[in-house]
$ cat coords24.cif   # mmCIF, C-alpha atoms
data_input
#
loop_
_atom_site.label_atom_id
_atom_site.label_comp_id
_atom_site.auth_asym_id
_atom_site.auth_seq_id
_atom_site.Cartn_x
_atom_site.Cartn_y
_atom_site.Cartn_z
CA MET A 119 73.13 54.90 103.71
CA LYS A 120 74.05 57.10 100.78
CA ARG A 121 74.65 60.78 101.52
CA SER A 122 72.55 61.77 98.51
CA GLN A 123 69.55 59.99 100.11
CA TYR A 124 69.72 61.68 103.50
CA PRO A 125 66.25 63.10 104.37
CA LEU A 126 67.58 66.52 105.43
CA ASN A 127 64.18 68.15 105.99
CA ALA A 128 63.10 65.21 108.15
CA LEU A 129 66.33 65.43 110.15
CA ARG A 130 65.74 69.13 110.78
CA ALA A 131 62.17 68.35 111.87
CA PHE A 132 63.39 65.68 114.28
CA GLU A 133 66.15 67.86 115.79
CA ALA A 134 63.79 70.77 116.45
CA SER A 135 61.12 68.45 117.89
CA ALA A 136 63.68 66.79 120.15
CA ARG A 137 64.86 70.14 121.52
CA HIS A 138 61.37 71.42 122.20
CA LEU A 139 59.69 68.04 122.90
CA SER A 140 56.74 69.60 121.16
CA TYR A 141 55.59 69.47 117.54
CA VAL A 142 53.80 72.78 117.99
CA LYS A 143 56.88 74.69 119.20
CA ALA A 144 59.17 73.03 116.67
CA ALA A 145 56.75 73.82 113.86
CA GLY A 146 56.75 77.47 114.91
CA GLU A 147 60.55 77.57 114.76
CA LEU A 148 60.65 76.03 111.27
CA TYR A 149 57.63 77.97 109.94
CA VAL A 150 55.62 74.87 109.06
CA THR A 151 52.41 73.40 110.43
CA PRO A 152 52.51 70.83 113.26
CA ALA A 153 50.93 68.31 110.90
CA ALA A 154 53.65 68.84 108.30
CA LEU A 155 56.32 68.49 110.96
CA SER A 156 54.80 65.29 112.30
CA HIS A 157 54.75 63.92 108.76
CA GLN A 158 58.49 64.64 108.36
CA VAL A 159 59.28 62.84 111.64
CA LYS A 160 57.24 59.80 110.54
CA ARG A 161 59.17 59.84 107.27
CA LEU A 162 62.45 59.73 109.19
CA GLU A 163 61.13 56.89 111.39
CA ALA A 164 60.28 54.94 108.25
CA TYR A 165 63.70 55.70 106.80
CA LEU A 166 65.52 54.49 109.96
CA GLY A 167 63.10 51.70 110.81
CA VAL A 168 62.74 52.85 114.42
CA GLN A 169 60.32 54.86 116.55
CA LEU A 170 61.69 58.23 117.68
CA PHE A 171 58.95 59.77 119.85
CA ARG A 172 56.14 58.67 122.11
CA ARG A 173 53.25 61.07 122.44
CA LEU A 174 52.38 62.21 125.95
CA PRO A 175 49.40 64.30 127.08
CA ARG A 176 51.60 67.41 127.23
CA GLY A 177 54.30 66.85 124.66
CA LEU A 178 56.73 64.25 123.38
CA MET A 179 59.15 61.78 124.91
CA MET A 180 62.21 60.59 123.05
CA THR A 181 62.82 56.90 122.62
CA ASP A 182 66.23 55.31 123.19
CA ALA A 183 66.85 55.46 119.43
CA ALA A 184 66.13 59.20 119.41
CA GLN A 185 68.49 59.79 122.32
CA ARG A 186 71.24 57.99 120.45
CA LEU A 187 70.59 59.97 117.28
CA LEU A 188 70.22 63.48 118.70
CA PRO A 189 73.79 64.30 119.94
CA GLY A 190 75.48 63.24 116.71
CA LEU A 191 72.88 65.01 114.60
CA GLN A 192 73.25 68.25 116.55
CA GLU A 193 77.04 68.06 116.18
CA ALA A 194 76.59 67.52 112.43
CA PHE A 195 74.35 70.58 112.21
CA ARG A 196 76.91 72.60 114.19
CA LEU A 197 79.65 71.60 111.78
CA LEU A 198 77.39 72.46 108.86
CA ASP A 199 76.70 75.90 110.38
CA ASP A 200 80.44 76.48 110.78
CA ALA A 201 81.16 75.49 107.18
CA LEU A 202 78.42 77.72 105.81
CA GLY A 203 79.54 80.57 108.07
CA LYS A 204 83.13 80.29 106.85
CA ALA A 205 81.98 80.31 103.24
CA SER A 206 79.85 83.40 103.84
CA THR A 207 82.63 85.18 105.73
CA GLY A 208 85.04 84.41 102.92
CA GLU A 209 82.79 86.26 100.51
CA GLN A 210 82.66 89.30 102.76
CA SER A 211 86.30 89.45 103.81
CA GLY A 212 89.68 88.77 102.27
CA ALA A 213 91.34 90.53 99.36
CA LEU A 214 89.62 93.11 97.17
CA THR A 215 91.72 94.27 94.22
CA VAL A 216 90.98 97.64 92.65
CA SER A 217 92.80 98.99 89.60
CA VAL A 218 93.33 102.73 90.10
CA ALA A 219 94.79 105.48 87.93
CA PRO A 220 97.97 106.64 89.71
CA MET A 221 96.86 110.28 89.95
CA PHE A 222 93.61 109.27 91.69
CA ALA A 223 95.40 106.87 94.03
CA VAL A 224 98.12 109.31 95.13
CA LYS A 225 96.11 112.53 95.41
CA TRP A 226 92.71 111.31 96.61
CA LEU A 227 92.21 107.64 97.47
CA VAL A 228 95.33 106.74 99.48
CA PRO A 229 94.89 109.58 102.03
CA ARG A 230 91.41 108.19 102.79
CA LEU A 231 92.23 104.50 103.06
CA GLY A 232 92.51 104.75 106.85
CA ASP A 233 88.79 105.51 106.98
CA PHE A 234 87.97 102.47 104.86
CA ASP A 235 90.19 100.20 106.94
CA ALA A 236 88.56 101.43 110.14
CA ALA A 237 85.09 100.75 108.72
CA TYR A 238 85.92 97.36 107.16
CA PRO A 239 89.02 95.84 108.82
CA GLU A 240 88.07 92.40 107.51
CA ILE A 241 88.66 93.48 103.88
CA ASP A 242 92.22 93.42 102.54
CA LEU A 243 92.08 96.23 99.97
CA ARG A 244 94.79 95.96 97.33
CA LEU A 245 95.44 98.75 94.85
CA SER A 246 96.82 98.06 91.40
CA SER A 247 98.09 101.42 90.19
CA SER A 248 97.93 101.45 86.41
CA LEU A 249 96.72 103.45 83.43
CA GLU A 250 96.11 100.28 81.41
CA LEU A 251 92.56 99.07 80.81
CA ALA A 252 91.67 96.43 83.39
CA ASP A 253 91.09 92.86 82.26
CA PHE A 254 88.88 91.85 85.15
CA GLY A 255 88.94 88.11 84.54
CA ARG A 256 92.58 87.67 83.50
CA ASP A 257 94.11 90.02 86.09
CA GLY A 258 91.86 89.16 89.04
CA ILE A 259 90.59 92.75 89.27
CA ASP A 260 87.36 93.32 91.19
CA ALA A 261 86.83 96.95 90.16
CA ALA A 262 88.60 99.88 88.56
CA ILE A 263 88.59 103.65 88.98
CA ARG A 264 89.04 105.42 85.69
CA LEU A 265 88.78 108.84 84.09
CA GLY A 266 86.47 108.95 81.11
CA SER A 267 82.91 109.18 79.83
CA GLY A 268 81.44 106.39 81.96
CA GLN A 269 80.28 104.48 78.88
CA TYR A 270 81.97 101.09 79.02
CA ALA A 271 80.45 98.09 77.24
CA GLY A 272 79.46 95.31 79.62
CA LEU A 273 80.47 97.28 82.71
CA HIS A 274 78.53 99.06 85.41
CA SER A 275 79.82 102.55 86.15
CA ASP A 276 79.24 104.87 89.12
CA LYS A 277 80.20 108.51 88.67
CA LEU A 278 82.35 109.73 91.54
CA PHE A 279 82.89 113.36 90.57
CA ASP A 280 83.58 115.73 87.70
CA GLU A 281 86.88 117.51 87.35
CA SER A 282 87.80 121.08 86.42
CA LEU A 283 91.06 123.01 86.05
CA THR A 284 92.21 126.35 87.42
CA PRO A 285 95.62 128.01 88.07
CA MET A 286 97.26 126.96 91.34
CA CYS A 287 100.55 127.74 93.03
CA SER A 288 102.34 127.60 96.34
CA PRO A 289 101.30 130.48 98.62
CA ARG A 290 105.02 131.30 98.89
CA LEU A 291 104.93 132.64 95.32
CA LEU A 292 102.42 135.29 96.34
CA GLU A 293 104.11 136.45 99.51
CA GLY A 294 104.70 140.19 99.68
CA ARG A 295 102.07 141.08 97.08
CA ARG A 296 99.95 143.93 98.35
CA GLU A 297 97.33 143.65 95.64
CA GLY A 298 95.36 140.74 94.23
CA LEU A 299 96.73 138.78 91.32
CA SER A 300 95.44 139.66 87.83
CA VAL A 301 95.36 137.42 84.78
CA ALA A 302 98.04 139.59 83.17
CA ASP A 303 100.28 139.04 86.22
CA LEU A 304 100.51 135.34 85.39
CA GLU A 305 102.88 136.17 82.52
CA GLY A 306 105.50 136.97 85.13
CA PHE A 307 105.44 133.43 86.56
CA THR A 308 106.65 130.09 85.27
CA LEU A 309 103.77 128.09 83.80
CA LEU A 310 103.80 124.36 84.53
CA HIS A 311 102.24 122.22 81.79
CA ASP A 312 100.34 118.97 82.31
CA ASP A 313 100.36 116.95 79.06
CA SER A 314 98.37 113.99 80.38
CA MET A 315 95.24 115.04 78.46
CA ALA A 316 97.01 116.18 75.30
CA PHE A 317 95.11 113.55 73.31
CA SER A 318 91.79 115.32 74.02
CA ASP A 319 90.91 118.49 72.13
CA ALA A 320 88.30 119.28 74.79
CA ALA A 321 90.76 119.29 77.70
CA PRO A 322 91.72 122.78 78.95
CA THR A 323 95.22 124.13 78.33
CA TRP A 324 96.93 127.31 79.47
CA ARG A 325 96.03 128.87 76.12
CA SER A 326 92.33 128.04 76.46
CA TRP A 327 92.28 129.21 80.09
CA PHE A 328 93.82 132.61 79.20
CA SER A 329 91.31 132.94 76.37
CA ALA A 330 88.36 132.13 78.65
CA ALA A 331 89.67 134.54 81.32
CA GLY A 332 89.53 137.40 78.83
CA GLY A 333 93.06 138.51 79.62
CA PRO A 334 95.72 139.67 77.19
CA SER A 335 97.31 137.12 74.86
CA ALA A 336 100.11 135.31 76.68
CA ASP A 337 103.01 133.20 75.53
CA THR A 338 102.14 129.77 76.93
CA SER A 339 104.76 127.80 75.00
CA HIS A 340 107.43 127.90 77.70
CA GLY A 341 107.73 126.13 81.03
CA PRO A 342 108.32 122.58 82.32
CA ARG A 343 106.05 119.85 80.98
CA PHE A 344 104.77 116.84 82.91
CA ALA A 345 103.19 113.57 81.80
CA GLN A 346 100.88 113.29 84.82
CA PRO A 347 98.75 115.92 86.62
CA GLU A 348 99.95 114.90 90.09
CA HIS A 349 103.52 115.64 89.01
CA ALA A 350 102.58 119.13 87.87
CA LEU A 351 100.71 119.69 91.16
CA GLN A 352 103.70 118.58 93.19
CA ALA A 353 105.94 120.96 91.26
CA ALA A 354 103.49 123.75 92.10
CA VAL A 355 103.53 122.74 95.79
CA ASP A 356 107.31 122.95 95.67
CA GLY A 357 107.11 126.53 94.36
CA ALA A 358 108.24 125.83 90.77
CA GLY A 359 105.46 127.91 89.26
CA PHE A 360 101.76 127.92 88.43
CA ALA A 361 100.06 124.67 87.42
CA LEU A 362 96.71 124.45 85.71
CA GLY A 363 95.63 122.18 88.51
CA TRP A 364 92.84 119.66 88.80
CA ARG A 365 90.56 120.97 91.52
CA PHE A 366 89.36 117.66 92.92
CA LEU A 367 92.75 116.03 92.86
CA ALA A 368 94.25 119.10 94.54
CA ARG A 369 91.49 119.37 97.15
CA ASP A 370 93.63 118.21 100.08
CA ASP A 371 96.55 120.42 99.04
CA LEU A 372 94.21 123.41 98.83
CA ALA A 373 92.57 122.65 102.16
CA ALA A 374 95.97 122.28 103.87
CA GLY A 375 97.28 125.53 102.38
CA ARG A 376 100.00 123.83 100.34
CA LEU A 377 98.37 125.32 97.24
CA VAL A 378 96.19 128.36 96.57
CA ALA A 379 93.84 128.95 93.66
CA PRO A 380 93.64 132.74 93.28
CA PHE A 381 91.19 132.79 90.34
CA GLU A 382 87.51 131.88 90.32
CA LEU A 383 87.54 130.68 86.72
CA SER A 384 87.71 126.89 86.32
CA LEU A 385 87.32 125.08 83.04
CA PRO A 386 85.64 121.64 82.93
CA LEU A 387 87.92 118.79 82.01
CA GLY A 388 85.22 117.11 79.93
CA SER A 389 85.76 113.77 81.68
CA ALA A 390 84.86 112.42 85.12
CA PHE A 391 86.13 109.78 87.53
CA TYR A 392 84.10 106.56 87.61
CA LEU A 393 84.08 103.34 89.60
CA VAL A 394 83.58 100.55 87.05
CA PHE A 395 83.15 96.79 87.34
CA PRO A 396 81.43 93.93 85.46
CA GLU A 397 77.68 93.78 86.02
CA ALA A 398 78.05 90.22 87.32
CA TYR A 399 80.33 91.43 90.15
CA ALA A 400 77.71 93.75 91.68
CA SER A 401 76.53 91.13 94.19
CA ARG A 402 80.00 90.47 95.61
CA PRO A 403 79.82 91.52 99.30
CA LYS A 404 83.37 92.96 99.46
CA LEU A 405 82.82 95.04 96.34
CA ALA A 406 79.41 96.21 97.56
CA LYS A 407 80.97 97.51 100.79
CA PHE A 408 83.80 99.28 98.96
CA ARG A 409 81.36 100.80 96.47
CA GLU A 410 79.11 102.14 99.24
CA TRP A 411 82.07 103.61 101.13
CA LEU A 412 83.62 105.17 98.01
CA LEU A 413 80.39 106.80 96.83
CA GLN A 414 79.79 108.26 100.29
CA ALA A 415 83.37 109.55 100.50
CA ALA A 416 83.06 111.17 97.06
CA LEU A 417 79.70 112.70 97.99
CA HIS A 418 81.11 114.11 101.22
CA ALA A 419 84.14 115.54 99.42
CA ASP A 420 81.92 117.13 96.78
CA ALA A 421 79.68 118.69 99.43
CA SER A 422 82.71 119.99 101.35
CA ARG A 423 84.20 121.54 98.24
CA THR A 424 80.91 123.20 97.31
CA ALA A 425 80.59 124.69 100.80
CA ALA A 426 84.19 125.89 100.72
CA THR A 427 83.69 127.51 97.34
CA ARG A 428 80.59 129.35 98.51
CA THR A 429 82.31 130.72 101.59
CA GLY A 430 85.51 131.57 99.74
CA ASP A 431 87.59 129.14 101.82
CA GLU A 432 88.91 127.25 98.83
#
$ encode --input "coords24.cif" --output "structure tokens"
Amino acid sequence: MKRSQYPLNALRAFEASARHLSYVKAAGELYVTPAALSHQVKRLEAYLGVQLFRRLPRGLMMTDAAQRLLPGLQEAFRLLDDALGKASTGEQSGALTVSVAPMFAVKWLVPRLGDFDAAYPEIDLRLSSSLELADFGRDGIDAAIRLGSGQYAGLHSDKLFDESLTPMCSPRLLEGRREGLSVADLEGFTLLHDDSMAFSDAAPTWRSWFSAAGGPSADTSHGPRFAQPEHALQAAVDGAGFALGWRFLARDDLAAGRLVAPFELSLPLGSAFYLVFPEAYASRPKLAKFREWLLQAALHADASRTAATRTGDE
């Protein structure tokens, strides 16, 4: 008998009928009519050249041929269930590779990975920290988290949150001050410069922040310069001066008291963080779980920050 000619529907009909010894009950399990089920069993009998059931007043009785067939067929179905289960589990577990901008990984995502691992221990999340554009097919990347406009040809994008900038420093720099800090007072501190967005004319700088704050003109040309915002934030945490810090990236530092943001004025960055991936990847179970978790985590963080801002805690 050729495998391609196996009457699979008829075999399923026989197995269910043999378990229940009733066409009616077996038909209910398989969502077909008793007549259709009986037809499938007769088809299998014709295929094998043997009789499988004898009708009784209250059900069915298996023939010797049926009793020989049933154990092996049930074992075959069990093996088939195991194979299909393993294939399905493989799609929902295993490695998930996400390309992440280093600043997002260090300051926001990595501190929250324990929550993801607790929720989905079967998924092996692997982070590829890079500023390069992800080649999803070539590099085996499932998704990427990037800063930008969200408009990426051929890719689906989910906005995680906007970003804005405001002066931040270690609370140690403000110890002993009896009065609140004014914009003019900033001239007496070292200004830390983040050059990561120097390519964008819309990105805030110390000069644009002083101008928007309405304070006196300040010399913003001096002070250490950093290529990445997380480096400038760390320098501020270490007490090196004031950084024009990214509020969302600095959220945990602000909440823990490692940084303070003494001014209400924040300037929008003009770009946002997005989760992006090819449209065809949307149905991948591992990616769907990560996407759901990430969007909920971003929403919770946004709500927490809004509440903190309203109560003056941040």
$ resolve_selection --input "coords24.cif" --expression "the PyMOL selection byres ((chain A and resi 338) around 10)" --output "PDB file with C-alpha atoms, in the coordinates of the input"
ATOM      1  CA  GLU A 305     102.880 136.170  82.520  1.00  0.00           C
ATOM      2  CA  THR A 308     106.650 130.090  85.270  1.00  0.00           C
ATOM      3  CA  LEU A 309     103.770 128.090  83.800  1.00  0.00           C
ATOM      4  CA  LEU A 310     103.800 124.360  84.530  1.00  0.00           C
ATOM      5  CA  HIS A 311     102.240 122.220  81.790  1.00  0.00           C
ATOM      6  CA  THR A 323      95.220 124.130  78.330  1.00  0.00           C
ATOM      7  CA  TRP A 324      96.930 127.310  79.470  1.00  0.00           C
ATOM      8  CA  ARG A 325      96.030 128.870  76.120  1.00  0.00           C
ATOM      9  CA  SER A 326      92.330 128.040  76.460  1.00  0.00           C
ATOM     10  CA  PHE A 328      93.820 132.610  79.200  1.00  0.00           C
ATOM     11  CA  SER A 335      97.310 137.120  74.860  1.00  0.00           C
ATOM     12  CA  ALA A 336     100.110 135.310  76.680  1.00  0.00           C
ATOM     13  CA  ASP A 337     103.010 133.200  75.530  1.00  0.00           C
ATOM     14  CA  SER A 339     104.760 127.800  75.000  1.00  0.00           C
ATOM     15  CA  HIS A 340     107.430 127.900  77.700  1.00  0.00           C
ATOM     16  CA  GLY A 341     107.730 126.130  81.030  1.00  0.00           C
TER      17      GLY A 341
END
$ closest_residue --input "coords24.cif" --among "A:Ala358, A:Glu297, A:Leu351, A:Ala419" --to "Pro380 in chain A" --atoms "only C-alpha atoms"
A:Glu297
$ atom_distance --input "coords24.cif" --atom1 "CA of Phe391 in chain A" --atom2 "CA of Met221 in chain A"
11.0 Å
$ closest_residue --input "coords24.cif" --among "A:Leu129, A:Ala223, A:Ala201, A:Ala415" --to "Glu348 in chain A" --atoms "only C-alpha atoms"
A:Ala223
$ residues_around --input "coords24.cif" --residues "Val224 in chain A" --least-positions-apart "4" --cutoff "12 Å" --atoms "all atoms listed in the file" --output "mmCIF file with C-alpha atoms, keeping the file's coordinate frame"
data_model
loop_
_atom_site.group_PDB
_atom_site.id
_atom_site.type_symbol
_atom_site.label_atom_id
_atom_site.label_comp_id
_atom_site.auth_asym_id
_atom_site.auth_seq_id
_atom_site.Cartn_x
_atom_site.Cartn_y
_atom_site.Cartn_z
ATOM 1 C CA VAL A 218 93.330 102.730 90.100
ATOM 2 C CA ALA A 219 94.790 105.480 87.930
ATOM 3 C CA PRO A 220 97.970 106.640 89.710
ATOM 4 C CA VAL A 228 95.330 106.740 99.480
ATOM 5 C CA PRO A 229 94.890 109.580 102.030
ATOM 6 C CA ARG A 230 91.410 108.190 102.790
ATOM 7 C CA LEU A 231 92.230 104.500 103.060
ATOM 8 C CA LEU A 245 95.440 98.750 94.850
ATOM 9 C CA SER A 246 96.820 98.060 91.400
ATOM 10 C CA SER A 247 98.090 101.420 90.190
ATOM 11 C CA SER A 248 97.930 101.450 86.410
ATOM 12 C CA GLN A 346 100.880 113.290 84.820
ATOM 13 C CA PRO A 347 98.750 115.920 86.620
ATOM 14 C CA GLU A 348 99.950 114.900 90.090
ATOM 15 C CA HIS A 349 103.520 115.640 89.010
ATOM 16 C CA LEU A 351 100.710 119.690 91.160
ATOM 17 C CA GLN A 352 103.700 118.580 93.190
ATOM 18 C CA LEU A 367 92.750 116.030 92.860
ATOM 19 C CA ALA A 368 94.250 119.100 94.540
ATOM 20 C CA ASP A 370 93.630 118.210 100.080
ATOM 21 C CA ASP A 371 96.550 120.420 99.040
#
$ residues_around --input "coords24.cif" --residues "range 176-184 of chain A" --least-positions-apart "3" --cutoff "9 Å" --atoms "all atoms listed in the file" --output "MDAnalysis selection string"
chainID A and resid 132 135:136 138:142 168:173 187:188
$ write_last_selection --input "coords24.cif" --atoms "C-alpha atoms" --output "compact mmCIF listing (two decimals), in the frame of the given file"
# COMPACT_ATOMS: atom_id res chain seq x y z
CA PHE A 132 63.39 65.68 114.28
CA SER A 135 61.12 68.45 117.89
CA ALA A 136 63.68 66.79 120.15
CA HIS A 138 61.37 71.42 122.20
CA LEU A 139 59.69 68.04 122.90
CA SER A 140 56.74 69.60 121.16
CA TYR A 141 55.59 69.47 117.54
CA VAL A 142 53.80 72.78 117.99
CA VAL A 168 62.74 52.85 114.42
CA GLN A 169 60.32 54.86 116.55
CA LEU A 170 61.69 58.23 117.68
CA PHE A 171 58.95 59.77 119.85
CA ARG A 172 56.14 58.67 122.11
CA ARG A 173 53.25 61.07 122.44
CA LEU A 187 70.59 59.97 117.28
CA LEU A 188 70.22 63.48 118.70
$ atom_distance --input "coords24.cif" --atom1 "CA of Glu240 in chain A" --atom2 "CA of Glu410 in chain A"
15.6 Å
$ residues_around --input "coords24.cif" --residues "Ala354 in chain A" --least-positions-apart "5" --cutoff "7 Å" --atoms "all atoms listed in the file" --output "number ranges by chain"
A: 287-288, 359-361
$ closest_atom_pairs --input "coords24.cif" --of "range 121-150 of chain A" --to "range 155-166 of chain A" --cutoff "8 Å" --atoms "all atoms listed in the file" --output "tab-separated table"
residue	atom	partner	partner_atom	distance
A:Pro125	CA	A:Leu162	CA	7.0
A:Asn127	CA	A:Gln158	CA	7.1
A:Ala128	CA	A:Gln158	CA	4.6
A:Leu129	CA	A:Leu162	CA	7.0
A:Ala131	CA	A:Leu155	CA	5.9
A:Phe132	CA	A:Val159	CA	5.7
A:Tyr141	CA	A:Leu155	CA	6.7
A:Ala144	CA	A:Leu155	CA	7.8
A:Ala145	CA	A:Leu155	CA	6.1
A:Val150	CA	A:Leu155	CA	6.7
$ write_last_selection --input "coords24.cif" --atoms "C-alpha atoms" --output "PDB file, keeping the file's coordinate frame"
ATOM      1  CA  PRO A 125      66.250  63.100 104.370  1.00  0.00           C
ATOM      2  CA  ASN A 127      64.180  68.150 105.990  1.00  0.00           C
ATOM      3  CA  ALA A 128      63.100  65.210 108.150  1.00  0.00           C
ATOM      4  CA  LEU A 129      66.330  65.430 110.150  1.00  0.00           C
ATOM      5  CA  ALA A 131      62.170  68.350 111.870  1.00  0.00           C
ATOM      6  CA  PHE A 132      63.390  65.680 114.280  1.00  0.00           C
ATOM      7  CA  TYR A 141      55.590  69.470 117.540  1.00  0.00           C
ATOM      8  CA  ALA A 144      59.170  73.030 116.670  1.00  0.00           C
ATOM      9  CA  ALA A 145      56.750  73.820 113.860  1.00  0.00           C
ATOM     10  CA  VAL A 150      55.620  74.870 109.060  1.00  0.00           C
TER      11      VAL A 150
END
$ atom_distance --input "coords24.cif" --atom1 "CA of Ile263 in chain A" --atom2 "CA of Tyr392 in chain A"
5.5 Å
$ closest_residue --input "coords24.cif" --among "A:Leu197, A:Ala271, A:Ala379, A:Ala134" --to "Gly298 in chain A" --atoms "only C-alpha atoms"
A:Ala379
$ closest_residue --input "coords24.cif" --among "A:Val394, A:Leu251, A:Met286, A:Ala262" --to "Leu372 in chain A" --atoms "only C-alpha atoms"
A:Met286
$ resolve_selection --input "coords24.cif" --expression "the PyMOL selection byres ((chain A and resi 345) around 7)" --output "PyMOL selection string"
chain A and resi 312-314+343-344+346-347
